[in-house]
file protein33.txt (compact mmCIF, C-alpha atoms)
# COMPACT_ATOMS: atom_id res chain seq x y z
CA MET A 75 93.94 102.75 157.99
CA ARG A 76 91.22 104.29 160.11
CA ARG A 77 87.80 102.76 160.54
CA ARG A 78 84.88 104.14 158.54
CA VAL A 79 81.98 105.31 160.67
CA ALA A 80 78.44 106.51 160.20
CA ALA A 81 77.22 109.70 161.85
CA PRO A 82 74.99 110.18 164.92
CA LEU A 83 73.03 113.41 165.40
CA LEU A 84 74.24 115.37 168.43
CA LEU A 85 74.32 118.79 170.02
CA LEU A 86 76.91 121.55 169.94
CA LEU A 87 80.07 121.28 171.94
CA PRO A 88 81.25 124.50 173.57
CA LEU A 89 85.02 125.01 173.33
CA VAL A 90 87.10 127.13 175.74
CA ALA A 91 90.63 128.56 175.26
CA LEU A 92 93.61 127.44 177.33
CA ALA A 93 96.48 129.78 178.12
CA GLY A 94 99.56 127.84 179.24
CA ALA A 95 102.47 129.52 181.01
CA PRO A 96 105.90 128.83 179.40
CA ASP A 97 107.28 127.21 182.57
CA ALA A 98 104.34 124.75 182.58
CA ARG A 99 104.92 123.59 179.01
CA ALA A 100 106.62 120.32 179.92
CA VAL A 101 103.80 119.40 182.30
CA LEU A 102 101.20 120.28 179.69
CA HIS A 103 102.95 118.18 177.06
CA ALA A 104 103.13 115.18 179.39
CA ARG A 105 99.40 115.42 180.04
CA LEU A 106 98.55 115.75 176.36
CA ARG A 107 100.77 112.80 175.39
CA ALA A 108 98.77 110.61 177.76
CA ILE A 109 95.54 111.12 175.80
CA LEU A 110 96.80 111.47 172.23
CA PRO A 111 96.14 108.48 169.99
CA ASP A 112 98.95 105.94 169.79
CA GLU A 113 102.27 107.50 168.75
CA THR A 114 102.41 105.16 165.74
CA TRP A 115 99.47 107.21 164.39
CA GLN A 116 101.45 109.41 161.99
CA PRO A 117 99.46 110.63 158.96
CA ASP A 118 102.60 111.57 157.03
CA ASN A 119 102.16 109.38 153.95
CA ALA A 120 99.90 111.90 152.20
CA PRO A 121 100.59 113.37 148.77
CA GLN A 122 101.70 117.01 149.03
CA ALA A 123 99.07 119.28 147.52
CA ARG A 124 99.70 122.05 145.00
CA PRO A 125 98.21 125.33 146.29
CA THR A 126 95.16 125.41 144.03
CA LEU A 127 91.69 123.96 144.37
CA GLU A 128 92.50 121.35 141.72
CA GLY A 129 95.76 120.48 143.50
CA HIS A 130 94.11 120.10 146.90
CA VAL A 131 91.31 117.89 145.57
CA ALA A 132 93.69 115.71 143.56
CA ALA A 133 95.91 115.17 146.61
CA LEU A 134 92.97 114.34 148.85
CA GLN A 135 91.49 111.87 146.39
CA ALA A 136 94.89 110.23 145.86
CA ASP A 137 95.47 109.98 149.59
CA PRO A 138 95.59 106.37 150.87
CA ASP A 139 93.10 107.29 153.59
CA HIS A 140 90.57 108.90 151.29
CA ASP A 141 87.27 107.02 151.36
CA ASN A 142 88.25 105.59 154.71
CA ALA A 143 89.12 108.31 157.25
CA PHE A 144 87.71 111.16 155.18
CA PHE A 145 85.61 111.65 152.07
CA VAL A 146 85.60 114.47 149.48
CA GLU A 147 81.88 115.13 149.13
CA GLU A 148 81.57 118.38 147.15
CA VAL A 149 83.86 120.74 145.24
CA HIS A 150 82.92 124.29 144.23
CA GLY A 151 84.87 126.99 142.43
CA PRO A 152 87.45 127.27 139.63
CA ALA A 153 90.22 124.69 139.44
CA THR A 154 92.85 127.41 139.59
CA ALA A 155 91.50 129.05 142.77
CA GLU A 156 94.29 129.76 145.29
CA ARG A 157 91.91 130.83 148.08
CA VAL A 158 90.48 127.56 149.41
CA VAL A 159 88.22 126.70 152.32
CA PHE A 160 87.88 123.10 153.53
CA LEU A 161 84.46 122.64 155.11
CA VAL A 162 84.40 119.74 157.60
CA PRO A 163 80.83 118.95 158.74
CA GLN A 164 81.01 117.31 162.15
CA PHE A 165 78.94 115.27 164.57
CA HIS A 166 80.08 115.43 168.16
CA ARG A 167 79.34 115.07 171.84
CA SER A 168 76.11 115.95 173.56
CA PRO A 169 77.01 117.41 176.97
CA VAL A 170 73.54 116.47 178.26
CA LEU A 171 73.52 112.68 177.99
CA PRO A 172 76.08 110.46 179.77
CA ILE A 173 77.06 108.44 176.69
CA THR A 174 80.85 108.02 176.93
CA TRP A 175 80.39 104.36 177.93
CA SER A 176 78.07 103.47 175.01
CA SER A 177 78.33 102.49 171.35
CA LEU A 178 77.11 105.99 170.56
CA GLY A 179 80.07 107.39 172.48
CA GLU A 180 82.37 105.07 170.56
CA VAL A 181 81.01 106.28 167.21
CA ILE A 182 81.41 109.93 168.23
CA SER A 183 85.00 109.28 169.25
CA GLN A 184 85.64 107.64 165.87
CA VAL A 185 84.20 110.64 164.01
CA GLN A 186 86.27 113.06 166.09
CA GLY A 187 89.30 110.80 165.63
CA ASN A 188 88.86 111.15 161.89
CA ILE A 189 88.63 114.94 162.31
CA ASP A 190 91.87 114.78 164.31
CA PHE A 191 93.45 112.79 161.48
CA LEU A 192 92.07 115.05 158.74
CA VAL A 193 93.10 118.34 160.35
CA THR A 194 96.61 117.00 160.93
CA ARG A 195 96.68 115.95 157.27
CA LEU A 196 95.48 119.33 156.01
CA VAL A 197 98.07 121.19 158.07
CA ARG A 198 100.99 118.97 157.08
CA ALA A 199 100.23 118.24 153.44
CA HIS A 200 97.94 121.08 152.31
CA GLY A 201 99.45 124.14 153.95
CA VAL A 202 96.43 125.01 156.08
CA ARG A 203 97.29 127.74 158.58
CA CYS A 204 93.90 128.57 160.12
CA VAL A 205 91.20 126.36 161.62
CA GLY A 206 87.81 127.74 162.64
CA THR A 207 85.58 125.79 165.02
CA GLU A 208 82.10 126.40 166.39
CA GLY A 209 81.35 127.03 170.03
CA SER A 210 83.73 129.96 170.60
CA VAL A 211 83.85 133.66 169.75
CA MET A 212 87.59 133.95 170.41
CA GLU A 213 89.86 135.44 167.77
CA ARG A 214 92.55 132.97 168.77
CA MET A 215 92.10 129.77 170.74
CA LEU A 216 95.24 128.56 172.48
CA GLY A 217 94.05 125.14 173.58
CA ASN A 218 91.25 123.22 175.27
CA PRO A 219 91.39 122.87 179.08
CA GLU A 220 89.00 119.90 178.94
CA LEU A 221 91.61 117.92 176.99
CA GLU A 222 94.26 118.89 179.51
CA GLN A 223 91.92 117.73 182.29
CA MET A 224 91.59 114.28 180.71
CA GLY A 225 95.36 114.08 180.36
CA ALA A 226 95.91 115.29 183.93
CA TRP A 227 93.54 112.67 185.32
CA LEU A 228 95.28 109.87 183.43
CA THR A 229 98.84 110.92 184.30
CA ASP A 230 97.87 111.53 187.94
CA LEU A 231 96.10 108.18 188.17
CA ARG A 232 99.20 106.43 186.84
CA ALA A 233 101.45 108.30 189.27
CA LEU A 234 99.18 107.63 192.26
CA ARG A 235 99.04 103.97 191.34
CA GLU A 236 102.85 103.78 191.34
CA THR A 237 103.10 105.63 194.66
CA ALA A 238 100.44 103.52 196.36
CA VAL A 239 101.84 100.21 195.10
CA THR A 240 105.36 101.18 196.16
CA THR A 241 104.10 102.21 199.58
CA VAL A 242 101.85 99.29 200.50
CA ALA A 243 102.36 96.43 198.03
CA ARG A 244 104.05 94.06 200.45
CA GLU A 245 101.84 94.70 203.46
CA GLN A 246 98.57 94.83 201.51
CA PRO A 247 98.67 92.49 198.48
CA ALA A 248 95.08 93.37 197.46
CA VAL A 249 96.01 96.99 196.68
CA ALA A 250 98.01 96.47 193.49
CA PRO A 251 95.31 94.39 191.69
CA ALA A 252 92.65 96.92 192.69
CA LEU A 253 94.69 99.84 191.34
CA ASP A 254 95.56 97.92 188.18
CA THR A 255 91.85 97.24 187.62
CA LEU A 256 90.99 100.91 187.94
CA LEU A 257 93.77 101.98 185.58
CA ARG A 258 92.93 99.28 183.03
CA LEU A 259 89.20 100.04 182.98
CA LEU A 260 89.28 103.83 183.16
CA THR A 261 92.12 104.55 180.69
CA PRO A 262 90.15 103.67 177.51
CA TYR A 263 87.26 105.90 178.58
CA LEU A 264 89.55 108.82 179.39
CA ARG A 265 91.03 108.59 175.91
CA ARG A 266 87.61 108.14 174.33
CA GLN A 267 86.31 111.20 176.15
CA ALA A 268 89.26 113.24 174.90
CA LEU A 269 88.35 112.32 171.33
CA MET A 270 84.67 113.04 171.91
CA LEU A 271 85.54 116.45 173.32
CA ASP A 272 87.62 117.90 170.52
CA GLY A 273 89.21 116.20 167.53
CA VAL A 274 90.62 119.51 166.26
CA GLY A 275 92.16 120.17 169.67
CA LEU A 276 93.93 116.80 169.62
CA ALA A 277 95.33 117.49 166.15
CA LEU A 278 96.77 120.83 167.25
CA ALA A 279 97.96 119.32 170.53
CA ARG A 280 99.93 116.67 168.63
CA LEU A 281 101.65 119.34 166.57
CA GLU A 282 102.42 121.28 169.75
CA VAL A 283 103.82 118.25 171.57
CA GLN A 284 105.98 117.26 168.60
CA ASP A 285 107.27 120.84 168.21
CA ALA A 286 105.93 120.67 164.67
CA THR A 287 103.39 123.49 164.78
CA PRO A 288 103.87 125.49 161.55
CA GLU A 289 104.48 129.20 161.95
CA GLY A 290 101.26 131.17 161.81
CA LEU A 291 98.93 128.24 162.45
CA THR A 292 95.95 129.50 164.46
CA ARG A 293 92.62 128.23 165.68
CA PHE A 294 89.74 130.67 166.01
CA GLY A 295 86.07 130.60 166.97
CA LEU A 296 83.35 130.78 164.33
CA GLU A 297 80.70 132.28 166.61
CA ASP A 298 79.30 135.81 166.79
CA ALA A 299 78.59 136.88 170.38
CA ALA A 300 75.59 139.05 169.53
CA LEU A 301 73.93 136.32 167.45
CA ASN A 302 74.50 133.76 170.19
CA ALA A 303 72.94 136.08 172.78
CA ARG A 304 69.94 136.66 170.52
CA SER A 305 69.54 132.92 169.95
CA LEU A 306 69.58 132.22 173.68
CA GLU A 307 67.01 134.96 174.29
CA LEU A 308 64.69 133.44 171.69
CA LEU A 309 65.13 129.98 173.20
CA SER A 310 64.25 131.34 176.64
CA ARG A 311 60.99 132.66 175.21
CA MET A 312 60.22 129.44 173.35
CA ARG A 313 60.71 127.01 176.25
CA PRO A 314 57.66 128.05 178.34
CA LEU A 315 55.45 127.90 175.25
CA GLU A 316 56.73 124.43 174.38
CA GLU A 317 56.10 123.22 177.92
CA GLU A 318 52.55 124.56 177.97
CA LEU A 319 51.85 123.18 174.51
CA ALA A 320 53.13 119.76 175.61
CA LEU A 321 50.37 119.65 178.23
CA LEU A 322 47.77 120.12 175.47
CA THR A 323 49.32 117.60 173.08
CA THR A 324 49.13 113.84 173.10
CA PRO A 325 52.59 112.46 174.01
CA VAL A 326 54.26 110.65 171.15
CA GLU A 327 57.49 108.77 171.57
CA GLU A 328 60.06 109.95 169.07
CA ASP A 329 62.43 107.71 167.10
CA GLY A 330 65.47 109.19 168.85
CA GLU A 331 64.08 108.38 172.28
CA ASP A 332 63.26 104.86 171.13
CA ALA A 333 66.80 104.35 169.75
CA LEU A 334 68.35 105.59 172.99
CA GLY A 335 66.12 103.25 174.95
CA ARG A 336 67.26 100.26 172.92
CA MET A 337 70.89 101.27 173.39
CA TRP A 338 70.53 101.53 177.16
CA LEU A 339 68.57 98.30 177.51
CA GLU A 340 70.83 96.27 175.23
CA GLU A 341 74.24 97.66 176.18
CA TYR A 342 74.07 98.72 179.80
CA PRO A 343 73.98 95.22 181.39
CA ALA A 344 77.37 94.32 179.89
CA PHE A 345 78.80 97.72 180.84
CA HIS A 346 77.57 97.22 184.41
CA THR A 347 79.11 93.74 184.58
CA ASP A 348 82.40 94.52 182.84
CA VAL A 349 83.11 98.03 184.14
CA VAL A 350 80.83 99.40 186.86
CA THR A 351 80.93 96.35 189.13
CA PRO A 352 84.72 95.77 189.05
CA VAL A 353 85.41 99.51 189.44
CA ARG A 354 83.19 99.66 192.52
CA ALA A 355 84.77 96.51 193.91
CA ALA A 356 88.26 97.94 193.41
CA LEU A 357 87.25 101.19 195.13
CA ALA A 358 85.74 99.22 198.00
CA THR A 359 89.03 97.32 198.39
CA LEU A 360 91.04 100.54 198.54
CA ASP A 361 88.61 102.08 201.03
CA GLY A 362 88.81 99.01 203.22
CA VAL A 363 92.61 99.04 203.29
CA ARG A 364 92.64 102.81 203.87
CA LYS A 365 90.32 102.51 206.90
CA LEU A 366 92.41 99.63 208.28
CA SER A 367 95.55 101.73 207.87
CA LEU A 368 93.95 104.61 209.77
CA ARG A 369 92.99 102.29 212.64
CA GLU A 370 96.57 101.06 212.79
CA GLY A 371 97.95 104.60 212.75
CA ASP A 372 99.52 104.30 209.29
CA GLU A 373 98.58 107.71 207.92
CA VAL A 374 101.05 107.55 205.01
CA THR A 375 99.37 104.48 203.55
CA ALA A 376 95.91 105.87 204.23
CA GLN A 377 96.71 109.12 202.45
CA ALA A 378 98.24 107.37 199.44
CA LEU A 379 95.21 105.11 199.01
CA GLY A 380 92.80 107.96 199.68
CA ARG A 381 94.27 110.08 196.90
CA ALA A 382 94.22 107.23 194.40
CA ALA A 383 90.67 106.15 195.26
CA GLY A 384 89.46 109.75 195.35
CA LEU A 385 90.73 110.46 191.84
CA ALA A 386 89.31 107.20 190.46
CA ARG A 387 85.95 107.97 192.06
CA ARG A 388 85.97 111.48 190.59
CA ILE A 389 86.67 110.08 187.13
CA THR A 390 83.80 107.62 187.36
CA ASP A 391 81.45 110.31 188.70
CA GLU A 392 82.33 113.10 186.26
CA LEU A 393 83.34 111.17 183.15
CA LEU A 394 81.35 107.94 183.15
CA ARG A 395 78.60 109.47 185.32
CA THR A 396 77.63 106.00 186.46
CA GLU A 397 74.80 107.14 188.75
CA GLU A 398 73.12 108.98 185.87
CA VAL A 399 73.68 106.07 183.51
CA GLU A 400 71.97 103.75 185.98
CA GLY A 401 69.12 106.23 186.34
CA TYR A 402 68.54 106.26 182.59
CA HIS A 403 68.65 102.48 182.54
CA ARG A 404 65.92 102.30 185.20
CA TYR A 405 63.85 104.84 183.28
CA TYR A 406 64.02 102.84 180.03
CA GLN A 407 63.26 99.63 181.90
CA GLU A 408 60.13 101.23 183.37
CA LEU A 409 59.14 102.59 179.97
CA ALA A 410 59.54 99.16 178.40
CA ALA A 411 57.44 97.62 181.18
CA ARG A 412 54.66 100.19 180.66
CA ARG A 413 54.66 99.44 176.96
CA ALA A 414 54.44 95.71 177.60
CA GLU A 415 51.41 96.33 179.82
CA GLY A 416 49.78 98.65 177.30
CA ARG A 417 50.51 101.75 179.39
CA GLY A 418 52.82 103.46 176.91
CA PRO A 419 52.18 106.74 175.05
CA GLN A 420 48.55 107.24 174.11
CA LYS A 421 47.54 106.12 170.65
CA LYS A 422 44.69 108.62 170.28
CA PRO A 423 44.72 112.33 171.06
CA ARG A 424 42.66 113.36 174.02
CA THR A 425 39.63 115.55 173.41
CA LEU A 426 40.34 119.20 174.18
CA LYS A 427 37.83 121.70 175.46
CA ARG A 428 37.02 124.64 173.20
CA SER A 429 39.13 126.99 175.35
CA GLU A 430 42.02 124.54 175.23
CA GLN A 431 41.76 124.28 171.47
CA LYS A 432 41.95 128.06 171.12
CA ARG A 433 44.87 128.25 173.51
CA LYS A 434 46.67 125.47 171.65
CA ALA A 435 46.20 127.28 168.32
CA ARG A 436 47.56 130.54 169.77
CA LEU A 437 50.56 128.75 171.27
CA GLU A 438 51.36 127.01 168.00
CA LYS A 439 51.17 130.29 166.06
CA GLU A 440 53.34 132.17 168.54
CA LEU A 441 55.84 129.33 168.76
CA ALA A 442 56.06 129.04 164.97
CA ALA A 443 56.91 132.74 164.69
CA LEU A 444 59.58 132.52 167.37
CA ASN A 445 61.00 129.36 165.84
CA ALA A 446 61.27 131.03 162.43
CA ARG A 447 63.22 133.89 164.00
CA TYR A 448 65.41 131.43 165.87
CA GLU A 449 66.15 129.40 162.72
CA LYS A 450 67.15 132.59 160.91
CA THR A 451 69.38 133.77 163.75
CA ALA A 452 70.97 130.45 164.75
CA GLY A 453 71.05 129.19 161.18
CA VAL A 454 71.29 131.65 158.30
CA GLU A 455 72.79 134.61 160.19
CA ARG A 456 75.14 132.43 162.22
CA GLU A 457 76.39 130.70 159.08
CA ALA A 458 76.98 134.05 157.37
CA ALA A 459 78.97 135.31 160.36
CA ALA A 460 81.07 132.12 160.51
CA VAL A 461 81.92 132.40 156.81
CA SER A 462 82.80 136.08 157.16
CA ARG A 463 85.20 135.33 160.04
CA THR A 464 86.82 132.57 157.99
CA LEU A 465 87.27 134.55 154.77
CA GLN A 466 88.96 137.34 156.70
CA ARG A 467 91.70 134.86 157.56
CA VAL A 468 92.06 133.27 154.13
CA GLY A 469 93.11 136.58 152.62
CA ALA A 470 94.20 136.84 149.00
CA GLY A 471 95.55 133.31 148.97
CA GLY A 472 95.86 130.35 151.31
CA ALA A 473 93.80 127.57 152.83
CA CYS A 474 91.58 127.51 155.91
CA VAL A 475 89.42 124.86 157.59
CA MET A 476 85.90 125.34 158.96
CA VAL A 477 84.63 122.63 161.34
CA MET A 478 80.93 123.06 162.09
CA GLY A 479 77.81 120.97 162.67
CA ALA A 480 76.62 118.88 159.74
CA ASN A 481 73.17 120.51 159.77
CA HIS A 482 74.90 123.72 158.61
CA ARG A 483 76.52 122.09 155.61
CA GLU A 484 74.22 123.45 152.88
CA GLY A 485 73.98 126.90 154.41
CA LEU A 486 77.76 127.23 154.78
CA VAL A 487 78.38 126.15 151.18
CA ARG A 488 75.81 128.69 150.03
CA GLU A 489 77.41 131.47 152.11
CA LEU A 490 80.95 130.56 151.06
CA THR A 491 79.91 130.73 147.43
CA ARG A 492 78.08 134.02 147.93
CA GLN A 493 80.65 135.82 150.08
CA GLY A 494 83.76 134.27 148.57
CA GLY A 495 83.03 135.22 145.00
CA ALA A 496 84.03 133.52 141.79
CA GLN A 497 87.67 132.93 142.78
CA LEU A 498 87.09 130.99 146.00
CA GLY A 499 87.48 127.22 146.09
CA VAL A 500 85.35 125.19 148.49
CA VAL A 501 85.93 121.55 149.37
CA VAL A 502 83.44 119.70 151.57
CA VAL A 503 85.47 116.90 153.14
CA ALA A 504 83.62 114.80 155.68
CA PRO A 505 85.00 112.54 158.45
CA TYR A 506 82.12 110.06 157.96
CA ARG A 507 79.64 108.88 155.37
CA PHE A 508 76.08 110.17 155.43
CA PRO A 509 73.63 107.28 155.97
CA ASP A 510 72.19 107.57 152.43
CA GLU A 511 75.55 107.67 150.70

call {"tool": "encode", "arguments": {"input": "protein33.txt", "output": "structure tokens"}}
result
Amino acid sequence: MRRRVAAPLLLLLPLVALAGAPDARAVLHARLRAILPDETWQPDNAPQARPTLEGHVAALQADPDHDNAFFVEEVHGPATAERVVFLVPQFHRSPVLPITWSSLGEVISQVQGNIDFLVTRLVRAHGVRCVGTEGSVMERMLGNPELEQMGAWLTDLRALRETAVTTVAREQPAVAPALDTLLRLLTPYLRRQALMLDGVGLALARLEVQDATPEGLTRFGLEDAALNARSLELLSRMRPLEEELALLTTPVEEDGEDALGRMWLEEYPAFHTDVVTPVRAALATLDGVRKLSLREGDEVTAQALGRAAGLARRITDELLRTEEVEGYHRYYQELAARRAEGRGPQKKPRTLKRSEQKRKARLEKELAALNARYEKTAGVEREAAAVSRTLQRVGAGGACVMVMGANHREGLVRELTRQGGAQLGVVVVAPYRFPDE
């Protein structure tokens, strides 16, 4: 049974297609196996669904993992509907914040793990043959190169560890423990990052690796290129106004910022002690042995250790982003100190000059108009386009999955009902519980 999780609020995750050459398939599969959840994770004990809305809902609710890994939240349409869309509202990774190390990163990976589980379930037991995901405009997505990168790092780190230990274990006894430390500490974060990146991608990767991909199963992007371009153009016009308005507005600390601060202050010390410090010590050991080997003219050993240390350092820099994490920790420490000294955000708004008041009012009016246009474009119109792309693939009968941000849930249900007509079945099946449920 999978662990129930609550949902954090995060940003969109862009997804990119991967085209793999046939002669590279074995290598690709080896990399994907390294990051897939444990091979004992086999969601095959699900009731097989009859191809109607009533049949799908009955099978989901009778599933042993219902109310644990996924939750049927809403059902719309006639019981006999044979055209069915499963709407999966998701919460996922913010590419801005370095959060893989944190409890927030763990929760995101759990949510995406449940999406992985659910999509695999829907393909195997419910006959789903199309999966639409946000972040891409592609008609067919063949994979996710970010997942392959995580798998490549892990398989390469394992191989480099074996090579280095075989090469220098007897002469340099400190090398093996250092490499074992790096592998032990970095492996869980590589697998967590893979989950955070793309739960749908892991589900389809598992089917690919097991040679169990049903004929006709495709993944496609839900985005419309023109709408995305228009949204970005509106954002580019809004940003300068927001920045100028911020200078005329009393700073107020938001709840999200406060929650992030608590997370960093409460969790980072243990992460630094348990992960950052031993990783840096292990890297320092490898660097020391490598330099000694160079002085002694042993270039083979130096190269082996250099490759292993270089990859481990790249993983910590690009995945854990330890320098950034430390920077955020210092920032929140300074903020907490200013608060303790009464130097936090102002409690009272500063008095504005008449000209500043007029300028502030004009900025607010202009920004409100742009924001309304942005909400229509990035919300209503984007949801309508995503539903249109999905219904084109459902056809006269069949089942399709839409995975999109949870803030689009109501709009997507509304559009599915409007565009799909009276004979479309809609099932909102979530990989988490909403906080008020």

call {"tool": "residues_around", "arguments": {"input": "protein33.txt", "residues": "stretch 370-376 of chain A", "least_positions_apart": "6", "cutoff": "12 Å", "atoms": "all atoms listed in the file", "output": "ChimeraX atom specification"}}
result
/A:234,237-246,249,360-364,382-384

call {"tool": "atom_distance", "arguments": {"input": "protein33.txt", "atom1": "atom CA of A:Lys432", "atom2": "atom CA of A:Met312"}}
result
18.5 Å

call {"tool": "closest_residue", "arguments": {"input": "protein33.txt", "among": "A:Cys474, A:Leu490, A:Leu106, A:Asp190", "to": "A:Pro125", "atoms": "all atoms listed in the file"}}
result
A:Cys474

call {"tool": "closest_residue", "arguments": {"input": "protein33.txt", "among": "A:Val185, A:Val162, A:Leu127, A:Val283", "to": "A:Ala108", "atoms": "all atoms listed in the file"}}
result
A:Val283

call {"tool": "atom_distance", "arguments": {"input": "protein33.txt", "atom1": "atom CA of A:Val274", "atom2": "atom CA of A:Arg488"}}
result
23.8 Å

call {"tool": "build_atoms", "arguments": {"input": "protein33.txt", "residues": "stretch 395-402 of chain A", "atoms": "all heavy atoms", "output": "PDB file, in the coordinates of the input"}}
result
ATOM      1  N   ARG A 395      79.882 109.051 184.734  1.00  0.00           N
ATOM      2  CA  ARG A 395      78.600 109.470 185.320  1.00  0.00           C
ATOM      3  C   ARG A 395      77.700 108.250 185.568  1.00  0.00           C
ATOM      4  O   ARG A 395      76.554 108.166 185.134  1.00  0.00           O
ATOM      5  CB  ARG A 395      77.921 110.477 184.382  1.00  0.00           C
ATOM      6  CG  ARG A 395      78.704 111.762 184.249  1.00  0.00           C
ATOM      7  CD  ARG A 395      78.385 112.566 183.001  1.00  0.00           C
ATOM      8  NE  ARG A 395      77.015 113.021 182.919  1.00  0.00           N
ATOM      9  CZ  ARG A 395      76.526 113.730 181.898  1.00  0.00           C
ATOM     10  NH1 ARG A 395      77.324 114.044 180.891  1.00  0.00           N
ATOM     11  NH2 ARG A 395      75.277 114.114 181.885  1.00  0.00           N
ATOM     12  N   THR A 396      78.276 107.291 186.297  1.00  0.00           N
ATOM     13  CA  THR A 396      77.630 106.000 186.460  1.00  0.00           C
ATOM     14  C   THR A 396      76.260 106.085 187.139  1.00  0.00           C
ATOM     15  O   THR A 396      75.350 105.314 186.819  1.00  0.00           O
ATOM     16  CB  THR A 396      78.532 105.034 187.241  1.00  0.00           C
ATOM     17  OG1 THR A 396      78.993 105.682 188.437  1.00  0.00           O
ATOM     18  CG2 THR A 396      79.735 104.618 186.412  1.00  0.00           C
ATOM     19  N   GLU A 397      76.095 107.008 188.091  1.00  0.00           N
ATOM     20  CA  GLU A 397      74.800 107.140 188.750  1.00  0.00           C
ATOM     21  C   GLU A 397      73.732 107.578 187.754  1.00  0.00           C
ATOM     22  O   GLU A 397      72.609 107.060 187.751  1.00  0.00           O
ATOM     23  CB  GLU A 397      74.887 108.143 189.911  1.00  0.00           C
ATOM     24  CG  GLU A 397      75.827 107.728 191.036  1.00  0.00           C
ATOM     25  CD  GLU A 397      75.332 106.478 191.761  1.00  0.00           C
ATOM     26  OE1 GLU A 397      74.109 106.262 191.787  1.00  0.00           O
ATOM     27  OE2 GLU A 397      76.174 105.733 192.289  1.00  0.00           O
ATOM     28  N   GLU A 398      74.067 108.536 186.886  1.00  0.00           N
ATOM     29  CA  GLU A 398      73.120 108.980 185.870  1.00  0.00           C
ATOM     30  C   GLU A 398      72.830 107.873 184.865  1.00  0.00           C
ATOM     31  O   GLU A 398      71.680 107.704 184.444  1.00  0.00           O
ATOM     32  CB  GLU A 398      73.679 110.204 185.128  1.00  0.00           C
ATOM     33  CG  GLU A 398      73.747 111.469 185.941  1.00  0.00           C
ATOM     34  CD  GLU A 398      74.287 112.611 185.105  1.00  0.00           C
ATOM     35  OE1 GLU A 398      73.597 113.046 184.172  1.00  0.00           O
ATOM     36  OE2 GLU A 398      75.425 113.060 185.388  1.00  0.00           O
ATOM     37  N   VAL A 399      73.872 107.161 184.477  1.00  0.00           N
ATOM     38  CA  VAL A 399      73.680 106.070 183.510  1.00  0.00           C
ATOM     39  C   VAL A 399      72.715 105.034 184.072  1.00  0.00           C
ATOM     40  O   VAL A 399      71.802 104.558 183.379  1.00  0.00           O
ATOM     41  CB  VAL A 399      75.039 105.421 183.159  1.00  0.00           C
ATOM     42  CG1 VAL A 399      74.835 104.176 182.295  1.00  0.00           C
ATOM     43  CG2 VAL A 399      75.927 106.423 182.424  1.00  0.00           C
ATOM     44  N   GLU A 400      72.883 104.704 185.347  1.00  0.00           N
ATOM     45  CA  GLU A 400      71.970 103.750 185.980  1.00  0.00           C
ATOM     46  C   GLU A 400      70.551 104.298 186.036  1.00  0.00           C
ATOM     47  O   GLU A 400      69.579 103.564 185.854  1.00  0.00           O
ATOM     48  CB  GLU A 400      72.468 103.417 187.389  1.00  0.00           C
ATOM     49  CG  GLU A 400      73.678 102.510 187.402  1.00  0.00           C
ATOM     50  CD  GLU A 400      74.117 102.161 188.810  1.00  0.00           C
ATOM     51  OE1 GLU A 400      73.983 103.023 189.707  1.00  0.00           O
ATOM     52  OE2 GLU A 400      74.589 101.023 189.020  1.00  0.00           O
ATOM     53  N   GLY A 401      70.438 105.613 186.302  1.00  0.00           N
ATOM     54  CA  GLY A 401      69.120 106.230 186.340  1.00  0.00           C
ATOM     55  C   GLY A 401      68.408 106.139 184.997  1.00  0.00           C
ATOM     56  O   GLY A 401      67.209 105.840 184.933  1.00  0.00           O
ATOM     57  N   TYR A 402      69.132 106.399 183.925  1.00  0.00           N
ATOM     58  CA  TYR A 402      68.540 106.260 182.590  1.00  0.00           C
ATOM     59  C   TYR A 402      68.142 104.813 182.314  1.00  0.00           C
ATOM     60  O   TYR A 402      67.094 104.551 181.699  1.00  0.00           O
ATOM     61  CB  TYR A 402      69.532 106.736 181.525  1.00  0.00           C
ATOM     62  CG  TYR A 402      69.509 108.221 181.267  1.00  0.00           C
ATOM     63  CD1 TYR A 402      70.488 109.050 181.804  1.00  0.00           C
ATOM     64  CD2 TYR A 402      68.519 108.806 180.482  1.00  0.00           C
ATOM     65  CE1 TYR A 402      70.475 110.416 181.574  1.00  0.00           C
ATOM     66  CE2 TYR A 402      68.497 110.167 180.248  1.00  0.00           C
ATOM     67  CZ  TYR A 402      69.478 110.968 180.795  1.00  0.00           C
ATOM     68  OH  TYR A 402      69.462 112.326 180.564  1.00  0.00           O
TER      69      TYR A 402
END
